[in-house]
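Each remark here refers to the structure printed beneath this line.
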Amino acid sequence: MTQNKHVFICLLFLFTAANFLTAQQKPRLVLGAEQIDTIVNLVKDRPVALVVNQTSVLENAQQVHLLDTLLGRGIAVKKVFVPEHGFRGTSEAGEDVKDSRDRKTGIPILSIYGRNKKPTAGQLRDVDVLIFDIQDVGVRFYTYISTMHYVMEACAENAKECIVLDRPNPNDFVDGPMRKEGFESFVGLDPIPVLHGLTVGELARMINGERWLKSRPDTCRLRVVALKNWRHGDPYWLPVRPSPNLPNDQAMRLYPSLGWFEATHVSIGRGTYFPFQVIGYPDKAFGSFSFTPGSIPGMDANPLQKDKKCFGLDLREYPFEGGLTLRFFLDFYEKAGSNPSFFARPEWFDLLAGNRELRAYITAGLSEQEIRLLWQDDLESYKTLRLKYLLYPDYDGE
């Protein structure tokens, strides 16, 4: 018995050591933004504008911002364009972002969120190239990819080069309904599913290759600085929160499944320190867990159901592996009496879904499995299209 125990311990040690060595030998992920020599060679002696925010940092340089790095290498950065949530990522969702100057460098910071979602010809007159480096979360209705689309349009219209510094997709799945014609909006500019399974660099190639830009010409001069040592399906944990209400990886995993609630009166935790990790409504019929949204400057000053005790689900420790599910939405719809008025803003729900069919399926009482079957044909066509634009090895088994 003792001998067998010793053999088991030896085998366990060897197995652990082998796994450790494998992990140690795996090449380190290199972001597009970390390939500074390549970037400098592309833009040396050219006037540059950046499209960046708080996520535009180099992981291998103690979180140094791309702006500071390029200025330190002598690159002529003329201005910075910023998306929703601003340069430092502190503006609330939907809040207008104001023009300003970076306190550290004095560089002008110009908003392309709010009334002006696209750089103007005047703003681009003194630059030759725009560098886009923003961490996306892989969800169609997360607006950073719409900002990229408009930046590409501006480059096409004004004969500027667009360089996309690629970053991994932390919600790297292909799932959900497609955005159909007639449902174009800032939460769905391009005809892709809710989870598109692309990096921003790959998506930029798709936008260009499929001629989805509304500009003339309908393509831009595009260059992608690709990731090194990454493949689709590799897990990625973000070092910087991409926006105030996605504070951690659990919120990001749940975001594509809970985003639908933004078109209802149900709270998804805005006004708490765990947004997109709880669901609730001011009625005990919705669950035993409770929370009370309040005003949190910088996250949400006036959240839905402010100062009202909400009852529902605590998903902070929920073992959700990622992807997209309708189970939470269908559960709350049923608890609300399957009443169509559950959709407080039906037009907004349709824009999030990218079509009118999903709301019709839900109100008709279809199950998640039945709904999934109805969007599979569209997804299969999209998956075929997606293969044309991949820069990295695809998921195992596909």
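Chain lettering (A, B, ...) mirrors the order of the structure tokens, residue numbering begins at 1 for each chain separately, and ligand numbering begins at 1 in order of display.
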With range 325-339 of chain A as the partner and 10 Å as the cut-off, tabulate the residues of range 138-254 of chain A that qualify, each row holding the nearest pair of atoms and their distance in Å to one decimal, using only C-alpha atoms, sorted by chain and rising number, as JSON lines.
```
{"residue": "A:Asp175", "atom": "CA", "partner": "A:Thr325", "partner_atom": "CA", "distance": 9.2}
{"residue": "A:Gly176", "atom": "CA", "partner": "A:Thr325", "partner_atom": "CA", "distance": 8.5}
{"residue": "A:Leu254", "atom": "CA", "partner": "A:Thr325", "partner_atom": "CA", "distance": 8.9}
```
Step one, run DSSP on the backbone; step two, keep only residues of range 82-158 of chain A assigned to alpha helix (DSSP H); then write them as a PDB file with N, CA and C atoms, in the first residue's frame.
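Just written: selection.pdb:
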```
ATOM      1  N   ALA A 121     -13.447  66.164 -41.853  1.00  0.00           N
ATOM      2  CA  ALA A 121     -12.358  66.494 -42.784  1.00  0.00           C
ATOM      3  C   ALA A 121     -11.433  67.537 -42.180  1.00  0.00           C
ATOM      4  N   GLY A 122     -12.007  68.522 -41.488  1.00  0.00           N
ATOM      5  CA  GLY A 122     -11.191  69.554 -40.862  1.00  0.00           C
ATOM      6  C   GLY A 122     -10.294  68.999 -39.785  1.00  0.00           C
ATOM      7  N   GLN A 123     -10.811  68.049 -38.998  1.00  0.00           N
ATOM      8  CA  GLN A 123     -10.012  67.452 -37.932  1.00  0.00           C
ATOM      9  C   GLN A 123      -8.878  66.585 -38.479  1.00  0.00           C
ATOM     10  N   LEU A 124      -9.027  66.100 -39.707  1.00  0.00           N
ATOM     11  CA  LEU A 124      -8.019  65.215 -40.294  1.00  0.00           C
ATOM     12  C   LEU A 124      -7.055  65.930 -41.232  1.00  0.00           C
ATOM     13  N   TYR A 144     -17.556  50.303 -29.285  1.00  0.00           N
ATOM     14  CA  TYR A 144     -16.212  50.613 -29.782  1.00  0.00           C
ATOM     15  C   TYR A 144     -16.020  50.157 -31.236  1.00  0.00           C
ATOM     16  N   ILE A 145     -16.653  49.061 -31.644  1.00  0.00           N
ATOM     17  CA  ILE A 145     -16.496  48.621 -33.030  1.00  0.00           C
ATOM     18  C   ILE A 145     -17.255  49.526 -33.990  1.00  0.00           C
ATOM     19  N   SER A 146     -18.323  50.173 -33.521  1.00  0.00           N
ATOM     20  CA  SER A 146     -19.005  51.166 -34.359  1.00  0.00           C
ATOM     21  C   SER A 146     -18.113  52.388 -34.545  1.00  0.00           C
ATOM     22  N   THR A 147     -17.413  52.768 -33.472  1.00  0.00           N
ATOM     23  CA  THR A 147     -16.441  53.855 -33.594  1.00  0.00           C
ATOM     24  C   THR A 147     -15.374  53.500 -34.625  1.00  0.00           C
ATOM     25  N   MET A 148     -14.875  52.274 -34.593  1.00  0.00           N
ATOM     26  CA  MET A 148     -13.873  51.857 -35.576  1.00  0.00           C
ATOM     27  C   MET A 148     -14.424  51.941 -36.994  1.00  0.00           C
ATOM     28  N   HIS A 149     -15.670  51.514 -37.180  1.00  0.00           N
ATOM     29  CA  HIS A 149     -16.312  51.590 -38.498  1.00  0.00           C
ATOM     30  C   HIS A 149     -16.315  53.034 -39.004  1.00  0.00           C
ATOM     31  N   TYR A 150     -16.715  53.973 -38.148  1.00  0.00           N
ATOM     32  CA  TYR A 150     -16.770  55.377 -38.567  1.00  0.00           C
ATOM     33  C   TYR A 150     -15.369  55.950 -38.807  1.00  0.00           C
ATOM     34  N   VAL A 151     -14.394  55.515 -38.046  1.00  0.00           N
ATOM     35  CA  VAL A 151     -13.021  55.953 -38.279  1.00  0.00           C
ATOM     36  C   VAL A 151     -12.550  55.477 -39.649  1.00  0.00           C
ATOM     37  N   MET A 152     -12.887  54.243 -39.999  1.00  0.00           N
ATOM     38  CA  MET A 152     -12.533  53.718 -41.308  1.00  0.00           C
ATOM     39  C   MET A 152     -13.227  54.514 -42.417  1.00  0.00           C
ATOM     40  N   GLU A 153     -14.482  54.888 -42.195  1.00  0.00           N
ATOM     41  CA  GLU A 153     -15.179  55.728 -43.180  1.00  0.00           C
ATOM     42  C   GLU A 153     -14.486  57.066 -43.360  1.00  0.00           C
ATOM     43  N   ALA A 154     -14.108  57.679 -42.254  1.00  0.00           N
ATOM     44  CA  ALA A 154     -13.421  58.969 -42.324  1.00  0.00           C
ATOM     45  C   ALA A 154     -12.097  58.837 -43.073  1.00  0.00           C
ATOM     46  N   CYS A 155     -11.377  57.748 -42.847  1.00  0.00           N
ATOM     47  CA  CYS A 155     -10.121  57.530 -43.563  1.00  0.00           C
ATOM     48  C   CYS A 155     -10.371  57.358 -45.054  1.00  0.00           C
ATOM     49  N   ALA A 156     -11.413  56.620 -45.421  1.00  0.00           N
ATOM     50  CA  ALA A 156     -11.732  56.430 -46.835  1.00  0.00           C
ATOM     51  C   ALA A 156     -12.086  57.750 -47.499  1.00  0.00           C
ATOM     52  N   GLU A 157     -12.892  58.553 -46.827  1.00  0.00           N
ATOM     53  CA  GLU A 157     -13.363  59.819 -47.399  1.00  0.00           C
ATOM     54  C   GLU A 157     -12.249  60.845 -47.546  1.00  0.00           C
TER      55      GLU A 157
END
```
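Put simply, CA of Glu262 in chain A is 7.8 Å away from CA of Phe349 in chain A.
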Neighbours of range 227-235 of chain A within 10 Å (only C-alpha atoms; same-chain residues fewer than 4 positions away dropped), as a ChimeraX atom specification? /A:26-35,165-173,197-199,201,390-396
Nearest to Phe81 in chain A by atom-to-atom distance, counting only C-alpha atoms, from A:Pro47, A:Pro119, A:Gly312, A:Gly106: A:Pro119
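Between Val80 in chain A and the residues A:Gln63, A:Phe132, A:Ala364, A:Val43, the shortest atom-to-atom distance, using only C-alpha atoms, involves A:Phe132.
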Pick from A:Leu366, A:Tyr113, A:Leu67, A:Gly271: nearest to Asp307 in chain A, with only C-alpha atoms counted?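 The answer is A:Gly271, which sits nearest to Asp307 in chain A.
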